[in-house]
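See below for start_16.txt, which holds compact mmCIF, C-alpha atoms and all ligand atoms.
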# COMPACT_ATOMS: atom_id res chain seq x y z
CA MET A 1 7.57 51.32 17.66
CA THR A 2 4.47 49.62 16.35
CA THR A 3 5.73 46.10 16.43
CA ALA A 4 8.62 43.98 17.58
CA LEU A 5 9.32 43.20 13.93
CA TYR A 6 12.18 45.70 14.02
CA GLN A 7 14.13 43.46 11.68
CA THR A 8 11.30 43.71 9.15
CA VAL A 9 12.47 43.66 5.60
CA ASN A 10 11.22 46.89 4.12
CA ASP A 11 11.26 49.63 6.68
CA ALA A 12 14.26 49.30 8.94
CA HIS A 13 17.95 50.04 8.77
CA GLU A 14 18.05 52.27 5.74
CA GLY A 15 21.21 54.27 5.49
CA PRO A 16 24.76 54.38 4.22
CA LEU A 17 26.77 51.22 4.68
CA ARG A 18 29.80 51.54 6.88
CA LEU A 19 33.13 50.16 5.71
CA HIS A 20 35.25 49.17 8.70
CA GLY A 21 39.03 48.98 9.06
CA ALA A 22 41.50 46.69 10.81
CA ALA A 23 40.82 47.95 14.35
CA ALA A 24 37.11 47.28 13.92
CA PHE A 25 37.82 43.75 12.67
CA GLU A 26 39.87 43.19 15.83
CA GLY A 27 36.99 44.48 17.98
CA MET A 28 34.48 42.22 16.22
CA ARG A 29 36.80 39.25 16.57
CA ARG A 30 36.80 39.65 20.34
CA ALA A 31 33.05 40.24 20.61
CA GLY A 32 32.25 37.38 18.25
CA ASN A 33 34.56 35.04 20.11
CA LEU A 34 32.90 35.78 23.43
CA ALA A 35 29.43 35.23 21.97
CA ALA A 36 30.55 31.87 20.56
CA ARG A 37 32.03 30.91 23.91
CA VAL A 38 28.71 31.61 25.63
CA LEU A 39 27.07 29.00 23.37
CA ASP A 40 29.99 26.59 23.87
CA MET A 41 29.62 26.97 27.65
CA LEU A 42 25.86 26.33 27.50
CA THR A 43 26.09 23.26 25.28
CA PRO A 44 26.44 20.55 27.97
CA HIS A 45 23.55 22.13 29.91
CA VAL A 46 20.99 21.94 27.12
CA GLN A 47 19.30 18.76 28.36
CA PRO A 48 15.81 17.48 29.17
CA ASP A 49 14.33 19.15 32.30
CA VAL A 50 16.61 22.17 32.27
CA VAL A 51 14.73 25.40 32.99
CA THR A 52 15.40 27.94 30.24
CA LEU A 53 15.71 30.79 32.77
CA ASP A 54 18.60 28.89 34.33
CA LEU A 55 20.40 28.84 30.97
CA ASP A 56 19.81 32.58 30.76
CA ARG A 57 21.30 33.08 34.21
CA MET A 58 24.39 31.04 33.28
CA ALA A 59 24.88 33.20 30.21
CA TRP A 60 24.46 36.42 32.21
CA ASP A 61 27.00 35.27 34.81
CA PHE A 62 29.50 34.18 32.14
CA VAL A 63 29.27 37.47 30.24
CA GLN A 64 29.57 39.51 33.46
CA ALA A 65 32.60 37.49 34.54
CA GLN A 66 34.31 38.44 31.28
CA GLY A 67 33.66 42.12 31.98
CA ALA A 68 31.40 42.32 28.94
CA HIS A 69 27.74 43.30 28.42
CA SER A 70 24.65 41.55 27.24
CA ALA A 71 23.19 43.51 24.33
CA THR A 72 19.65 42.22 24.75
CA VAL A 73 19.13 43.17 28.40
CA PHE A 74 17.06 46.37 28.34
CA TYR A 75 17.01 46.23 24.54
CA ARG A 76 13.59 47.58 23.50
CA GLY A 77 12.09 46.20 26.67
CA PHE A 78 13.66 42.75 26.43
CA SER A 79 15.20 41.76 29.75
CA HIS A 80 17.27 38.62 29.19
CA SER A 81 20.72 37.68 27.94
CA LEU A 82 19.41 34.98 25.61
CA CYS A 83 16.56 34.35 23.24
CA ILE A 84 15.53 30.71 23.60
CA SER A 85 13.22 29.53 20.83
CA VAL A 86 11.79 26.03 21.15
CA ASN A 87 10.19 23.95 18.34
CA GLN A 88 7.56 26.11 16.59
CA VAL A 89 9.06 29.32 17.99
CA VAL A 90 10.77 31.09 15.09
CA CYS A 91 12.80 33.60 17.12
CA HIS A 92 12.90 35.87 20.18
CA GLY A 93 11.62 33.22 22.62
CA ILE A 94 11.78 34.55 26.18
CA PRO A 95 13.59 32.48 28.83
CA SER A 96 11.04 31.23 31.36
CA ALA A 97 10.38 28.73 34.14
CA LYS A 98 9.44 26.15 31.50
CA LYS A 99 11.61 23.06 31.15
CA LEU A 100 13.09 21.69 27.97
CA LYS A 101 11.82 18.22 27.16
CA ASP A 102 13.05 15.17 25.31
CA GLY A 103 12.67 15.66 21.56
CA ASP A 104 12.72 19.47 21.54
CA ILE A 105 14.79 21.42 19.04
CA VAL A 106 16.00 24.69 20.51
CA ASN A 107 17.66 27.83 19.18
CA ILE A 108 19.76 29.83 21.60
CA ASP A 109 20.69 33.31 20.40
CA VAL A 110 23.15 35.52 22.26
CA THR A 111 24.50 38.99 21.61
CA VAL A 112 27.34 40.42 23.67
CA VAL A 113 29.06 43.79 23.66
CA VAL A 114 32.84 43.96 24.11
CA ASP A 115 34.40 47.45 24.10
CA GLY A 116 31.36 48.64 22.16
CA TRP A 117 31.51 45.94 19.46
CA HIS A 118 28.62 43.48 19.06
CA GLY A 119 28.92 39.72 18.65
CA ASP A 120 25.62 38.11 17.63
CA THR A 121 25.27 34.36 17.08
CA SER A 122 22.83 31.50 17.49
CA ARG A 123 22.86 27.73 17.16
CA MET A 124 20.35 24.91 17.31
CA PHE A 125 20.47 22.30 20.07
CA LEU A 126 18.85 18.85 20.16
CA VAL A 127 17.28 17.92 23.49
CA GLY A 128 17.58 14.19 24.17
CA ASP A 129 16.23 12.00 21.38
CA VAL A 130 15.02 14.11 18.47
CA PRO A 131 13.00 12.57 15.63
CA LEU A 132 14.76 12.32 12.26
CA LYS A 133 12.38 14.81 10.61
CA ALA A 134 13.34 17.52 13.08
CA ARG A 135 17.04 16.70 12.87
CA ARG A 136 16.86 17.05 9.07
CA LEU A 137 15.38 20.53 9.43
CA VAL A 138 18.24 21.50 11.76
CA ASP A 139 20.88 20.08 9.39
CA VAL A 140 19.45 21.83 6.33
CA THR A 141 19.16 25.13 8.22
CA TYR A 142 22.85 24.96 9.12
CA GLU A 143 23.67 24.20 5.49
CA CYS A 144 21.59 27.25 4.48
CA LEU A 145 23.62 29.50 6.76
CA MET A 146 26.94 28.19 5.48
CA LEU A 147 25.87 28.37 1.81
CA GLY A 148 24.84 31.98 2.40
CA ILE A 149 28.18 32.75 4.04
CA GLU A 150 30.06 31.20 1.09
CA MET A 151 28.39 33.73 -1.21
CA ALA A 152 29.37 36.68 1.00
CA ARG A 153 32.39 38.11 -0.78
CA PRO A 154 33.38 41.35 -2.53
CA GLY A 155 31.51 41.92 -5.78
CA ASN A 156 28.71 39.51 -4.90
CA THR A 157 25.38 40.91 -3.70
CA LEU A 158 23.02 40.28 -0.82
CA GLY A 159 20.68 38.85 -3.45
CA ASP A 160 23.29 36.16 -4.12
CA VAL A 161 23.37 35.36 -0.39
CA GLY A 162 19.57 35.21 -0.13
CA HIS A 163 19.30 33.13 -3.28
CA ALA A 164 21.76 30.52 -2.02
CA ILE A 165 19.79 30.17 1.21
CA GLN A 166 16.36 30.14 -0.40
CA SER A 167 17.18 27.63 -3.11
CA HIS A 168 18.70 25.16 -0.64
CA ALA A 169 15.76 25.44 1.77
CA GLU A 170 13.14 25.13 -0.95
CA LYS A 171 14.95 22.18 -2.55
CA HIS A 172 14.18 20.38 0.72
CA ARG A 173 10.56 21.63 0.64
CA TYR A 174 11.13 23.96 3.56
CA SER A 175 10.27 27.66 3.58
CA VAL A 176 12.30 30.76 4.47
CA VAL A 177 10.85 33.20 6.98
CA ARG A 178 10.27 36.64 5.43
CA ASP A 179 9.35 38.74 8.47
CA PHE A 180 12.79 38.75 10.09
CA CYS A 181 16.17 39.18 8.54
CA GLY A 182 19.85 39.56 9.30
CA HIS A 183 21.33 43.00 9.86
CA GLY A 184 24.41 45.12 9.81
CA LEU A 185 26.14 45.40 13.17
CA GLY A 186 29.29 46.75 14.74
CA LEU A 187 29.15 49.54 17.29
CA ASN A 188 25.36 49.28 16.84
CA PHE A 189 23.38 46.10 17.47
CA HIS A 190 21.19 46.53 14.39
CA GLU A 191 21.94 48.79 11.44
CA ALA A 192 21.93 48.78 7.64
CA PRO A 193 21.85 46.62 5.62
CA ASN A 194 18.87 44.32 6.02
CA VAL A 195 20.08 40.86 5.13
CA VAL A 196 17.07 39.14 3.61
CA HIS A 197 17.32 35.36 3.43
CA VAL A 198 15.58 35.08 0.07
CA GLY A 199 16.67 36.73 -3.16
CA LYS A 200 17.68 36.75 -6.76
CA PRO A 201 21.26 36.48 -8.02
CA GLY A 202 22.88 39.84 -8.71
CA ARG A 203 20.21 41.88 -6.91
CA GLY A 204 20.57 44.10 -3.89
CA VAL A 205 23.51 45.63 -2.07
CA VAL A 206 26.93 44.95 -3.62
CA LEU A 207 29.31 43.62 -0.96
CA ARG A 208 32.55 45.46 -0.23
CA PRO A 209 35.48 44.75 2.09
CA GLY A 210 34.81 46.18 5.55
CA MET A 211 31.05 45.50 5.68
CA PHE A 212 29.86 43.77 8.84
CA PHE A 213 26.52 41.95 9.07
CA THR A 214 24.78 38.86 10.35
CA ILE A 215 23.29 36.03 8.34
CA GLU A 216 20.60 34.27 10.37
CA PRO A 217 18.13 32.28 8.26
CA MET A 218 14.95 31.05 9.94
CA ILE A 219 13.72 27.96 8.09
CA ASN A 220 10.26 26.44 8.64
CA ALA A 221 9.22 22.85 8.04
CA GLY A 222 5.83 24.20 6.90
CA SER A 223 5.00 27.56 5.39
CA TYR A 224 6.80 30.79 6.13
CA GLY A 225 4.07 32.74 7.90
CA VAL A 226 4.78 33.86 11.45
CA LYS A 227 2.58 35.13 14.23
CA MET A 228 3.50 37.23 17.25
CA LEU A 229 2.38 36.00 20.66
CA ASP A 230 0.76 38.39 23.15
CA ASP A 231 4.05 38.90 25.00
CA GLY A 232 5.08 41.08 22.05
CA TRP A 233 8.29 39.12 21.42
CA THR A 234 7.75 35.43 20.79
CA ALA A 235 7.32 34.75 17.07
CA VAL A 236 5.83 31.36 16.19
CA THR A 237 5.03 29.66 12.90
CA ARG A 238 1.42 30.37 11.90
CA ASP A 239 0.89 26.71 11.04
CA ARG A 240 2.73 25.60 14.22
CA SER A 241 5.31 23.73 12.15
CA LEU A 242 8.87 23.41 13.46
CA SER A 243 11.33 26.22 12.80
CA ALA A 244 15.13 26.29 12.99
CA GLN A 245 17.79 29.01 12.83
CA PHE A 246 21.56 29.49 12.94
CA GLU A 247 23.33 32.85 13.00
CA HIS A 248 26.85 34.13 12.47
CA SER A 249 28.29 37.65 12.50
CA ILE A 250 30.71 38.11 9.61
CA GLY A 251 32.94 40.75 8.04
CA ILE A 252 33.66 41.05 4.32
CA THR A 253 37.40 40.83 3.62
CA ASP A 254 39.40 41.49 0.43
CA THR A 255 39.05 37.86 -0.63
CA GLY A 256 35.85 36.59 1.04
CA ASN A 257 34.69 36.88 4.61
CA GLU A 258 35.70 36.30 8.19
CA ILE A 259 33.29 34.58 10.58
CA PHE A 260 33.61 36.43 13.87
CA THR A 261 31.40 34.01 15.83
CA ALA A 262 32.94 30.63 14.94
CA SER A 263 33.03 28.18 17.87
CA PRO A 264 36.59 27.99 19.20
CA THR A 265 35.95 24.36 20.19
CA GLY A 266 34.32 23.17 16.96
CA LEU A 267 30.72 23.13 18.24
CA THR A 268 29.39 24.23 14.87
CA ALA A 269 26.16 22.27 14.60
CA PRO A 270 24.57 19.28 16.37
CA PRO A 271 25.30 16.60 17.36
CA TYR A 272 27.78 18.25 19.75
N1 LIG A 301 19.94 38.43 18.62
C1 LIG A 301 18.77 38.76 17.86
C2 LIG A 301 19.25 39.01 16.46
O1 LIG A 301 19.78 38.11 15.90
C3 LIG A 301 18.03 39.93 18.40
C4 LIG A 301 17.43 39.69 19.71
S1 LIG A 301 16.71 41.12 20.26
C5 LIG A 301 15.91 40.63 21.64
O2 LIG A 301 19.21 40.07 15.90
F1 LIG A 301 15.54 41.72 22.22
F2 LIG A 301 14.91 39.86 21.29
F3 LIG A 301 16.73 39.94 22.42
CO CO A 302 21.14 39.06 14.65
CO CO A 303 21.01 36.99 17.24
Would it be possible to restate this file's structure as structure tokens?
Amino acid sequence: MTTALYQTVNDAHEGPLRLHGAAAFEGMRRAGNLAARVLDMLTPHVQPDVVTLDLDRMAWDFVQAQGAHSATVFYRGFSHSLCISVNQVVCHGIPSAKKLKDGDIVNIDVTVVVDGWHGDTSRMFLVGDVPLKARRLVDVTYECLMLGIEMARPGNTLGDVGHAIQSHAEKHRYSVVRDFCGHGLGLNFHEAPNVVHVGKPGRGVVLRPGMFFTIEPMINAGSYGVKMLDDGWTAVTRDRSLSAQFEHSIGITDTGNEIFTASPTGLTAPPY
């Protein structure tokens, strides 16, 4: 592997697209629900002065107690249950001894494995008092995710999904990160298709019932360039502008889609 950009748009996850049946939907429902419950559980703990490694430990303990696995531990050399990406960090932030501080915006991304099925989801959290500008970025990023999900139905294409996300972000003068994308998942953590968060209507993979994938737009307040830190994981905005992200795992149904990772307690987006 030359780079941690394994979700890179052009070179990864080529291959036939799996169409899953009812038993697989049931498996994804359970995995997605557990992933969502990890974020629900963490929500009251995301406060000023909390150490991000402690959040990671809470997630590990919670997942273990459910008899499930953490997909990211030992994944390509990553060794934590969570990615915690603060402010200008675009994705794949590594939990550390650093404390969250008042005014931070934070993405927490968790992937669990239940009976082989993967549930992958992330949400933004506001730490203490967050300036309006940053809160707007978080709100628009959530809207981008949900507008993308609305387009995910049989007969539509991944281009339709990307276009919905890109046009909403750019309408607000934000930019959509190009270097990372969503991905198929199921019994694998990452597989075809690449779910690019920009696009043109009618282009790309045609969606069919039984397809499983994530949508996980990363939206920057500045321009879309990213830079990898020396740790080989942490991706930051090149211009150090703020970045936000939300992620759901979904399955295409006969009539639309099912969100596997919806919060069972309604913690969809801040304020919680
Ligand atoms: N959960 C991330 C995703 O949405 C992947 C994290 S891989 C890790 O695909 F190794 F960085 F944890
Ligand atoms: Co993902
Ligand atoms: Co994720």
Cut-off 10 Å around (27.0, 35.6, 1.3) with only C-alpha atoms: residues as a short mmCIF file (atom, residue, chain, number, x, y, z; two decimals) with C-alpha atoms, keeping the file's coordinate frame:
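Final output, out-v9.cif:
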data_model
loop_
_atom_site.label_atom_id
_atom_site.label_comp_id
_atom_site.auth_asym_id
_atom_site.auth_seq_id
_atom_site.Cartn_x
_atom_site.Cartn_y
_atom_site.Cartn_z
CA LEU A 145 23.62 29.50 6.76
CA MET A 146 26.94 28.19 5.48
CA LEU A 147 25.87 28.37 1.81
CA GLY A 148 24.84 31.98 2.40
CA ILE A 149 28.18 32.75 4.04
CA GLU A 150 30.06 31.20 1.09
CA MET A 151 28.39 33.73 -1.21
CA ALA A 152 29.37 36.68 1.00
CA ARG A 153 32.39 38.11 -0.78
CA PRO A 154 33.38 41.35 -2.53
CA ASN A 156 28.71 39.51 -4.90
CA THR A 157 25.38 40.91 -3.70
CA LEU A 158 23.02 40.28 -0.82
CA GLY A 159 20.68 38.85 -3.45
CA ASP A 160 23.29 36.16 -4.12
CA VAL A 161 23.37 35.36 -0.39
CA GLY A 162 19.57 35.21 -0.13
CA HIS A 163 19.30 33.13 -3.28
CA ALA A 164 21.76 30.52 -2.02
CA ILE A 165 19.79 30.17 1.21
CA VAL A 195 20.08 40.86 5.13
CA HIS A 197 17.32 35.36 3.43
CA LEU A 207 29.31 43.62 -0.96
CA THR A 214 24.78 38.86 10.35
CA ILE A 215 23.29 36.03 8.34
CA ILE A 250 30.71 38.11 9.61
CA ILE A 252 33.66 41.05 4.32
CA GLY A 256 35.85 36.59 1.04
CA ASN A 257 34.69 36.88 4.61
#
Which chains and residue numbers are within 9 Å of ligand CO 302 (chain A), counting all atoms listed in the file, if I want them as a JSON list (two decimals) with C-alpha atoms, in the coordinates of the input?
[["chain", "number", "residue", "atom", "x", "y", "z"],
["A", 7, "GLN", "CA", 14.13, 43.46, 11.68],
["A", 109, "ASP", "CA", 20.69, 33.31, 20.40],
["A", 110, "VAL", "CA", 23.15, 35.52, 22.26],
["A", 111, "THR", "CA", 24.50, 38.99, 21.61],
["A", 119, "GLY", "CA", 28.92, 39.72, 18.65],
["A", 120, "ASP", "CA", 25.62, 38.11, 17.63],
["A", 121, "THR", "CA", 25.27, 34.36, 17.08],
["A", 122, "SER", "CA", 22.83, 31.50, 17.49],
["A", 181, "CYS", "CA", 16.17, 39.18, 8.54],
["A", 182, "GLY", "CA", 19.85, 39.56, 9.30],
["A", 183, "HIS", "CA", 21.33, 43.00, 9.86],
["A", 184, "GLY", "CA", 24.41, 45.12, 9.81],
["A", 185, "LEU", "CA", 26.14, 45.40, 13.17],
["A", 189, "PHE", "CA", 23.38, 46.10, 17.47],
["A", 190, "HIS", "CA", 21.19, 46.53, 14.39],
["A", 213, "PHE", "CA", 26.52, 41.95, 9.07],
["A", 214, "THR", "CA", 24.78, 38.86, 10.35],
["A", 215, "ILE", "CA", 23.29, 36.03, 8.34],
["A", 216, "GLU", "CA", 20.60, 34.27, 10.37],
["A", 247, "GLU", "CA", 23.33, 32.85, 13.00],
["A", 248, "HIS", "CA", 26.85, 34.13, 12.47],
["A", 249, "SER", "CA", 28.29, 37.65, 12.50]]
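With atom CA of Asp40 of chain A on one side and atom CA of Ile105 of chain A on the other, the separation reads 16.8 Å.
Nearest residue to ligand LIG 301 (chain A), choosing from A:Met124, A:Ala71, A:Leu55, A:Val63 and counting only C-alpha atoms and all ligand atoms: A:Ala71.
Using all atoms listed in the file for every distance, the candidate list A:Ile84, A:Leu267, A:Ala59, A:Cys144 yields A:Cys144 as the residue closest to Pro217 of chain A.
With only C-alpha atoms and all ligand atoms as the atoms that count, the minimum distance from ligand LIG 301 (chain A) to the choices A:Cys83, A:Leu100, A:Val38, A:Val176 is reached by A:Cys83.
Using all atoms listed in the file, the protein and nucleic acid residues lying at most 9 Å from the point (31.8, 45.9, 26.3) are A:Ala31, A:Gly67, A:Ala68, A:His69, A:Ser70, A:Val112, A:Val113, A:Val114, A:Asp115, A:Gly116, A:Trp117, A:His118.
Minimum distance to Val236 of chain A across A:Met211, A:Ile219, A:Ala262, A:Leu39 (counting all atoms listed in the file) occurs at A:Ile219.
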Inset, instruction - Calculate how many Å separate atom CA of Leu19 of chain A from atom CA of Arg208 of chain A, rounding to one decimal. - result: 7.6 Å
Inset, instruction - Figure out the distance between atom CA of Gln245 of chain A and atom CA of Asn107 of chain A, please, to one decimal in Å. - result: 6.5 Å
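Minimum atom-to-atom distances from A:Asp56, A:Glu258, A:Asp102, A:Asp49 to ligand LIG 301 (chain A) were compared using only C-alpha atoms and all ligand atoms, and the lowest value belongs to A:Asp56.
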Set up a box along x, y and z of the file covering all listed atoms of segment 56-70 of chain A, add 3 Å on every one of the six sides, and write the centre and edge lengths in Å to one decimal, as JSON.
{"center_x": 27.1, "center_y": 37.2, "center_z": 31.0, "size_x": 20.5, "size_y": 18.3, "size_z": 13.6}
Legend entry - Given only C-alpha atoms as the counted atoms, nearest of A:His45, A:Ala192, A:Leu126, A:Thr237 to Arg178 of chain A: A:Thr237
Missing atoms in segment 196-220 of chain A: fill them in up to N, CA, C and O atoms and send the result as a PDB file, in the frame of the given file.
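Printed below is selection-v4.pdb as written:
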ATOM      1  N   VAL A 196      18.252  39.962   3.864  1.00  0.00           N
ATOM      2  CA  VAL A 196      17.070  39.140   3.610  1.00  0.00           C
ATOM      3  C   VAL A 196      17.536  37.756   3.176  1.00  0.00           C
ATOM      4  O   VAL A 196      18.499  37.629   2.429  1.00  0.00           O
ATOM      5  N   HIS A 197      16.849  36.733   3.680  1.00  0.00           N
ATOM      6  CA  HIS A 197      17.320  35.360   3.430  1.00  0.00           C
ATOM      7  C   HIS A 197      16.680  34.707   2.213  1.00  0.00           C
ATOM      8  O   HIS A 197      16.741  33.488   2.048  1.00  0.00           O
ATOM      9  N   VAL A 198      16.026  35.525   1.380  1.00  0.00           N
ATOM     10  CA  VAL A 198      15.580  35.080   0.070  1.00  0.00           C
ATOM     11  C   VAL A 198      16.113  36.103  -0.931  1.00  0.00           C
ATOM     12  O   VAL A 198      16.449  37.221  -0.537  1.00  0.00           O
ATOM     13  N   GLY A 199      16.202  35.736  -2.204  1.00  0.00           N
ATOM     14  CA  GLY A 199      16.670  36.730  -3.160  1.00  0.00           C
ATOM     15  C   GLY A 199      16.979  36.175  -4.515  1.00  0.00           C
ATOM     16  O   GLY A 199      16.887  34.968  -4.742  1.00  0.00           O
ATOM     17  N   LYS A 200      17.326  37.115  -5.391  1.00  0.00           N
ATOM     18  CA  LYS A 200      17.680  36.750  -6.760  1.00  0.00           C
ATOM     19  C   LYS A 200      19.144  37.088  -6.991  1.00  0.00           C
ATOM     20  O   LYS A 200      19.632  38.123  -6.516  1.00  0.00           O
ATOM     21  N   PRO A 201      19.845  36.231  -7.734  1.00  0.00           N
ATOM     22  CA  PRO A 201      21.260  36.480  -8.020  1.00  0.00           C
ATOM     23  C   PRO A 201      21.480  37.872  -8.605  1.00  0.00           C
ATOM     24  O   PRO A 201      20.704  38.317  -9.449  1.00  0.00           O
ATOM     25  N   GLY A 202      22.497  38.548  -8.141  1.00  0.00           N
ATOM     26  CA  GLY A 202      22.880  39.840  -8.710  1.00  0.00           C
ATOM     27  C   GLY A 202      22.078  41.022  -8.215  1.00  0.00           C
ATOM     28  O   GLY A 202      22.387  42.164  -8.547  1.00  0.00           O
ATOM     29  N   ARG A 203      21.032  40.768  -7.407  1.00  0.00           N
ATOM     30  CA  ARG A 203      20.210  41.880  -6.910  1.00  0.00           C
ATOM     31  C   ARG A 203      20.715  42.358  -5.554  1.00  0.00           C
ATOM     32  O   ARG A 203      21.355  41.627  -4.833  1.00  0.00           O
ATOM     33  N   GLY A 204      20.331  43.580  -5.237  1.00  0.00           N
ATOM     34  CA  GLY A 204      20.570  44.100  -3.890  1.00  0.00           C
ATOM     35  C   GLY A 204      21.974  44.676  -3.701  1.00  0.00           C
ATOM     36  O   GLY A 204      22.737  44.839  -4.662  1.00  0.00           O
ATOM     37  N   VAL A 205      22.260  44.978  -2.456  1.00  0.00           N
ATOM     38  CA  VAL A 205      23.510  45.630  -2.070  1.00  0.00           C
ATOM     39  C   VAL A 205      24.726  44.852  -2.583  1.00  0.00           C
ATOM     40  O   VAL A 205      24.796  43.636  -2.439  1.00  0.00           O
ATOM     41  N   VAL A 206      25.669  45.570  -3.202  1.00  0.00           N
ATOM     42  CA  VAL A 206      26.930  44.950  -3.620  1.00  0.00           C
ATOM     43  C   VAL A 206      27.880  44.930  -2.418  1.00  0.00           C
ATOM     44  O   VAL A 206      28.065  45.943  -1.747  1.00  0.00           O
ATOM     45  N   LEU A 207      28.454  43.783  -2.142  1.00  0.00           N
ATOM     46  CA  LEU A 207      29.310  43.620  -0.960  1.00  0.00           C
ATOM     47  C   LEU A 207      30.704  44.181  -1.207  1.00  0.00           C
ATOM     48  O   LEU A 207      31.251  44.047  -2.304  1.00  0.00           O
ATOM     49  N   ARG A 208      31.232  44.829  -0.161  1.00  0.00           N
ATOM     50  CA  ARG A 208      32.550  45.460  -0.230  1.00  0.00           C
ATOM     51  C   ARG A 208      33.352  45.076   1.015  1.00  0.00           C
ATOM     52  O   ARG A 208      32.762  44.894   2.093  1.00  0.00           O
ATOM     53  N   PRO A 209      34.671  45.017   0.900  1.00  0.00           N
ATOM     54  CA  PRO A 209      35.480  44.750   2.090  1.00  0.00           C
ATOM     55  C   PRO A 209      35.187  45.777   3.184  1.00  0.00           C
ATOM     56  O   PRO A 209      35.027  46.967   2.899  1.00  0.00           O
ATOM     57  N   GLY A 210      35.061  45.289   4.415  1.00  0.00           N
ATOM     58  CA  GLY A 210      34.810  46.180   5.550  1.00  0.00           C
ATOM     59  C   GLY A 210      33.361  46.209   5.987  1.00  0.00           C
ATOM     60  O   GLY A 210      33.038  46.815   7.008  1.00  0.00           O
ATOM     61  N   MET A 211      32.458  45.577   5.227  1.00  0.00           N
ATOM     62  CA  MET A 211      31.050  45.500   5.680  1.00  0.00           C
ATOM     63  C   MET A 211      30.915  44.414   6.737  1.00  0.00           C
ATOM     64  O   MET A 211      31.483  43.329   6.598  1.00  0.00           O
ATOM     65  N   PHE A 212      30.150  44.738   7.780  1.00  0.00           N
ATOM     66  CA  PHE A 212      29.860  43.770   8.840  1.00  0.00           C
ATOM     67  C   PHE A 212      28.349  43.505   8.867  1.00  0.00           C
ATOM     68  O   PHE A 212      27.558  44.447   8.902  1.00  0.00           O
ATOM     69  N   PHE A 213      27.952  42.250   8.900  1.00  0.00           N
ATOM     70  CA  PHE A 213      26.520  41.950   9.070  1.00  0.00           C
ATOM     71  C   PHE A 213      26.340  40.519   9.548  1.00  0.00           C
ATOM     72  O   PHE A 213      27.284  39.721   9.559  1.00  0.00           O
ATOM     73  N   THR A 214      25.107  40.232   9.975  1.00  0.00           N
ATOM     74  CA  THR A 214      24.780  38.860  10.350  1.00  0.00           C
ATOM     75  C   THR A 214      24.067  38.177   9.190  1.00  0.00           C
ATOM     76  O   THR A 214      23.444  38.824   8.339  1.00  0.00           O
ATOM     77  N   ILE A 215      24.166  36.866   9.168  1.00  0.00           N
ATOM     78  CA  ILE A 215      23.290  36.030   8.340  1.00  0.00           C
ATOM     79  C   ILE A 215      22.628  35.086   9.326  1.00  0.00           C
ATOM     80  O   ILE A 215      23.314  34.470  10.154  1.00  0.00           O
ATOM     81  N   GLU A 216      21.307  35.015   9.327  1.00  0.00           N
ATOM     82  CA  GLU A 216      20.600  34.270  10.370  1.00  0.00           C
ATOM     83  C   GLU A 216      19.276  33.689   9.872  1.00  0.00           C
ATOM     84  O   GLU A 216      18.207  34.016  10.371  1.00  0.00           O
ATOM     85  N   PRO A 217      19.359  32.809   8.872  1.00  0.00           N
ATOM     86  CA  PRO A 217      18.130  32.280   8.260  1.00  0.00           C
ATOM     87  C   PRO A 217      17.255  31.513   9.247  1.00  0.00           C
ATOM     88  O   PRO A 217      17.751  30.704  10.033  1.00  0.00           O
ATOM     89  N   MET A 218      15.964  31.809   9.205  1.00  0.00           N
ATOM     90  CA  MET A 218      14.950  31.050   9.940  1.00  0.00           C
ATOM     91  C   MET A 218      14.212  30.210   8.908  1.00  0.00           C
ATOM     92  O   MET A 218      13.625  30.760   7.963  1.00  0.00           O
ATOM     93  N   ILE A 219      14.260  28.903   9.075  1.00  0.00           N
ATOM     94  CA  ILE A 219      13.720  27.960   8.090  1.00  0.00           C
ATOM     95  C   ILE A 219      12.592  27.165   8.751  1.00  0.00           C
ATOM     96  O   ILE A 219      12.788  26.603   9.840  1.00  0.00           O
ATOM     97  N   ASN A 220      11.430  27.150   8.092  1.00  0.00           N
ATOM     98  CA  ASN A 220      10.260  26.440   8.640  1.00  0.00           C
ATOM     99  C   ASN A 220      10.021  25.128   7.906  1.00  0.00           C
ATOM    100  O   ASN A 220      10.165  25.067   6.679  1.00  0.00           O
TER     101      ASN A 220
END
